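Have a look at the structure below before the remarks.
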Amino acid sequence: MKLIEVKDYQEMSQVAADYLLSKVKTSGNLTLGLATGGTPKGLYEALIEDHEQNGTSYRHVSSFNLDEYIGLPRQHPNSYYQYMNENLFRHIDIDSENTHIPSGDAADAEKESNAYDEKIRSHGGIDIQVLGIGSNGHIGFNEPGTSFDSSTHVVELAQSTREANARYFDSINEVPTHAITMGIASIMKSREILLLVSGEAKQEALKKLVEGSISESFPASILNNHDHVTVIADEEAFALV
Ligand code: GLP
């Protein structure tokens with residue numbers, strides 16, 4: 001695991017954007033795995049700024065998002081579908097046919113989950129997966145205790161995750177109780193992983209991750225078994241390492 005320490009959130013976002021841009025500019029076709037949450041917002045802003053200033057094109061880029069809430073219609077302001085449109089897709093020239101997000105309003109969520117892994121596989125897999133981390137070590141919505149062998153599946157969200165995400169909703173009662181998430185095995189199949197970590201709330205999580213002991217009680221710990229992981233974390237997140 002390669003660790004890069006940067007000063008703050010802004011530098012983390014810019015270093016991550018420069019890294020992705022170097023791939024976007026030099027790859028024939030590129031498949032990105034994308035994350036939501038507060039952490040990658042600055043990265044997406046930097047990509048948009050570059051697109052506006054330098055015209056970097058995404059016509060050859062496809063994407064697969066990690067997860068989606070179950071029970072929110074696509075047009076709901078807090079669906080990850082809307083998040084991606086608002087924070088990235090509508091500002092760049094990526095073809096909407098090439099962007100994939102699990103469908104949280106599918107009639108059969110289990111079927112949707114199985115189909116999602118197959119879609120990624122038949123597409124040729126993910127080149128670079130962008131990840132954030134929950135303070136309890138979750139990646140995607142894989143909460144502590146999730147099997148390392150899991151493929152895309154339906155999850156019940158931990159209370160702490162619903163509380164952490166309640167800031168985007170009017171009240172915690174509105175935060176969905178379930179989600180579809182790429183599984184740990186699905187994430188580990190990505191050829192490369194870029195993990196972004198910022199702020200005090202993630203200090204314990206980063207410490208546990210770099211300590212290196214691997215356990216399903218701390219999902220992100222499996223990243224120690226992947227041979228191409230880059231962690232970009234800011235000084236605040238690094239404080240306990
Ligand atoms: C959310 C998302 C994850 C994200 C994590 C951290 O619940 N499902 O993909 O990485 O929690 O979120 P944040 O970046 O807002 O701290």
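All residue names refer to the structure tokens as shown: chains lettered A, B, ... in order, residues numbered from 1 in each chain, ligands numbered from 1 in order.
For ligand 1, the set of protein, DNA and RNA residues within 6 Å, based on only C-alpha atoms and all ligand atoms, reads Ala35, Thr36, Gly37, Gly38, Thr39, Leu131, Gly132, Ile133, Gly134, Ile139, Gly140, Phe141 and Thr161 of chain A.
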Can you list, as a ChimeraX atom specification, every protein, DNA or RNA residue that comes within 12 Å of Ala201 (chain A) when you count only C-alpha atoms, leaving out same-chain residues fewer than 2 positions away? /A:39,133-137,164,197-199,203-207,234,236-240
List every residue of region 83-229 of chain A that DSSP, applied to the backbone, labels as alpha helix (DSSP H), and write the result as a PyMOL selection string. chain A and resi 83-87+109-123+159-165+184-188+203-211
Could you please take those selected residues and save N, CA and C atoms as a compact mmCIF listing (two decimals), in the first residue's frame?
# COMPACT_ATOMS: atom_id res chain seq x y z
N TYR A 83 -26.47 12.60 -7.04
CA TYR A 83 -25.16 13.07 -6.57
C TYR A 83 -24.16 13.07 -7.73
N MET A 84 -24.11 11.96 -8.47
CA MET A 84 -23.11 11.85 -9.54
C MET A 84 -23.41 12.84 -10.66
N ASN A 85 -24.69 12.99 -10.98
CA ASN A 85 -25.05 13.95 -12.03
C ASN A 85 -24.66 15.36 -11.63
N GLU A 86 -25.04 15.72 -10.40
CA GLU A 86 -24.81 17.09 -9.92
C GLU A 86 -23.33 17.39 -9.71
N ASN A 87 -22.60 16.40 -9.17
CA ASN A 87 -21.22 16.67 -8.77
C ASN A 87 -20.19 16.35 -9.84
N ALA A 109 -34.19 -6.09 -5.89
CA ALA A 109 -32.86 -5.55 -5.59
C ALA A 109 -31.78 -6.64 -5.64
N GLU A 110 -32.16 -7.88 -5.26
CA GLU A 110 -31.18 -8.99 -5.30
C GLU A 110 -30.75 -9.26 -6.73
N LYS A 111 -31.74 -9.27 -7.61
CA LYS A 111 -31.48 -9.53 -9.02
C LYS A 111 -30.60 -8.41 -9.60
N GLU A 112 -30.93 -7.18 -9.22
CA GLU A 112 -30.16 -6.02 -9.66
C GLU A 112 -28.70 -6.15 -9.20
N SER A 113 -28.50 -6.62 -7.97
CA SER A 113 -27.15 -6.78 -7.42
C SER A 113 -26.35 -7.78 -8.25
N ASN A 114 -26.96 -8.94 -8.51
CA ASN A 114 -26.25 -9.97 -9.27
C ASN A 114 -25.93 -9.48 -10.68
N ALA A 115 -26.88 -8.78 -11.26
CA ALA A 115 -26.68 -8.29 -12.63
C ALA A 115 -25.54 -7.26 -12.68
N TYR A 116 -25.36 -6.53 -11.58
CA TYR A 116 -24.35 -5.45 -11.58
C TYR A 116 -22.93 -6.02 -11.69
N ASP A 117 -22.66 -7.08 -10.92
CA ASP A 117 -21.33 -7.71 -11.02
C ASP A 117 -21.08 -8.24 -12.42
N GLU A 118 -22.12 -8.82 -13.00
CA GLU A 118 -21.99 -9.39 -14.34
C GLU A 118 -21.72 -8.26 -15.36
N LYS A 119 -22.37 -7.13 -15.13
CA LYS A 119 -22.17 -5.98 -16.02
C LYS A 119 -20.71 -5.51 -15.96
N ILE A 120 -20.17 -5.46 -14.75
CA ILE A 120 -18.77 -5.03 -14.59
C ILE A 120 -17.84 -6.03 -15.27
N ARG A 121 -18.14 -7.32 -15.04
CA ARG A 121 -17.28 -8.37 -15.60
C ARG A 121 -17.30 -8.31 -17.13
N SER A 122 -18.50 -8.25 -17.70
CA SER A 122 -18.57 -8.30 -19.16
C SER A 122 -17.99 -7.02 -19.79
N HIS A 123 -17.93 -5.98 -19.00
CA HIS A 123 -17.36 -4.73 -19.48
C HIS A 123 -15.82 -4.79 -19.50
N GLN A 159 -26.41 1.67 12.05
CA GLN A 159 -26.99 2.89 12.61
C GLN A 159 -25.99 4.05 12.51
N SER A 160 -24.70 3.76 12.76
CA SER A 160 -23.68 4.82 12.73
C SER A 160 -23.54 5.40 11.31
N THR A 161 -23.73 4.56 10.31
CA THR A 161 -23.65 5.05 8.93
C THR A 161 -24.85 5.92 8.61
N ARG A 162 -26.04 5.49 9.07
CA ARG A 162 -27.24 6.30 8.83
C ARG A 162 -27.10 7.65 9.54
N GLU A 163 -26.54 7.61 10.76
CA GLU A 163 -26.34 8.88 11.49
C GLU A 163 -25.34 9.77 10.75
N ALA A 164 -24.26 9.16 10.26
CA ALA A 164 -23.24 9.96 9.55
C ALA A 164 -23.82 10.59 8.29
N ASN A 165 -24.74 9.88 7.64
CA ASN A 165 -25.29 10.39 6.37
C ASN A 165 -26.55 11.22 6.57
N ILE A 184 -17.10 -6.68 -1.25
CA ILE A 184 -15.66 -6.54 -1.01
C ILE A 184 -14.88 -7.25 -2.13
N ALA A 185 -15.35 -8.44 -2.52
CA ALA A 185 -14.65 -9.16 -3.59
C ALA A 185 -14.74 -8.38 -4.89
N SER A 186 -15.89 -7.74 -5.13
CA SER A 186 -16.04 -6.93 -6.36
C SER A 186 -15.02 -5.79 -6.35
N ILE A 187 -14.88 -5.13 -5.21
CA ILE A 187 -13.95 -4.00 -5.11
C ILE A 187 -12.51 -4.48 -5.30
N MET A 188 -12.21 -5.64 -4.70
CA MET A 188 -10.83 -6.15 -4.77
C MET A 188 -10.43 -6.58 -6.18
N GLN A 203 -9.35 9.61 11.59
CA GLN A 203 -8.04 9.29 12.18
C GLN A 203 -7.91 7.84 12.62
N GLU A 204 -8.90 7.38 13.37
CA GLU A 204 -8.87 6.00 13.89
C GLU A 204 -8.88 5.00 12.74
N ALA A 205 -9.72 5.30 11.75
CA ALA A 205 -9.86 4.37 10.62
C ALA A 205 -8.53 4.25 9.86
N LEU A 206 -7.86 5.38 9.64
CA LEU A 206 -6.59 5.32 8.90
C LEU A 206 -5.53 4.58 9.71
N LYS A 207 -5.54 4.84 11.03
CA LYS A 207 -4.58 4.16 11.90
C LYS A 207 -4.77 2.65 11.81
N LYS A 208 -6.02 2.21 11.95
CA LYS A 208 -6.31 0.77 11.89
C LYS A 208 -5.91 0.17 10.54
N LEU A 209 -6.19 0.93 9.49
CA LEU A 209 -5.89 0.43 8.15
C LEU A 209 -4.39 0.19 7.97
N VAL A 210 -3.58 1.16 8.39
CA VAL A 210 -2.15 1.02 8.13
C VAL A 210 -1.46 0.10 9.13
N GLU A 211 -2.12 -0.16 10.27
CA GLU A 211 -1.56 -1.14 11.19
C GLU A 211 -1.47 -2.51 10.52
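The two atoms in question, CA of Pro144 (chain A) and CA of Asp108 (chain A), are spaced 24.7 Å apart.
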Just the residues within 6 Å of Thr152 (chain A), please, counting only C-alpha atoms, with nothing from its chain fewer than 2 positions along; format it as a ChimeraX atom specification. /A:113,181-183
Do you know which residues are at most 10 Å from region 104-106 of chain A counting only C-alpha atoms, after dropping those on the same chain fewer than 5 positions away, and could you put them as a count of residues only? 19
Find the residues around region 90-95 of chain A up to 9 Å (only C-alpha atoms counted), leave out those fewer than 6 positions away in its own chain, and share them as a list in words. Leu47, Ile48, His51, Glu52, Gly55, Thr56, Ser57, Tyr58, Arg59, His60, Val61, Ser62 and Met84 of chain A
Between A:Ser221, A:Ile232, A:Asp127, A:Val6, single out the one closest to Gly28 (chain A), counting only C-alpha atoms. A:Asp127
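Near Asp227 (chain A), within a cut-off of 12 Å and counting only C-alpha atoms, sit the residues Met1, Lys2, Met188, Lys189, Ser190, Arg191, Glu192, Ile193, Leu194, Ile222, Leu223, Asn224 and Thr230 of chain A, with same-chain residues fewer than 3 positions away left out.
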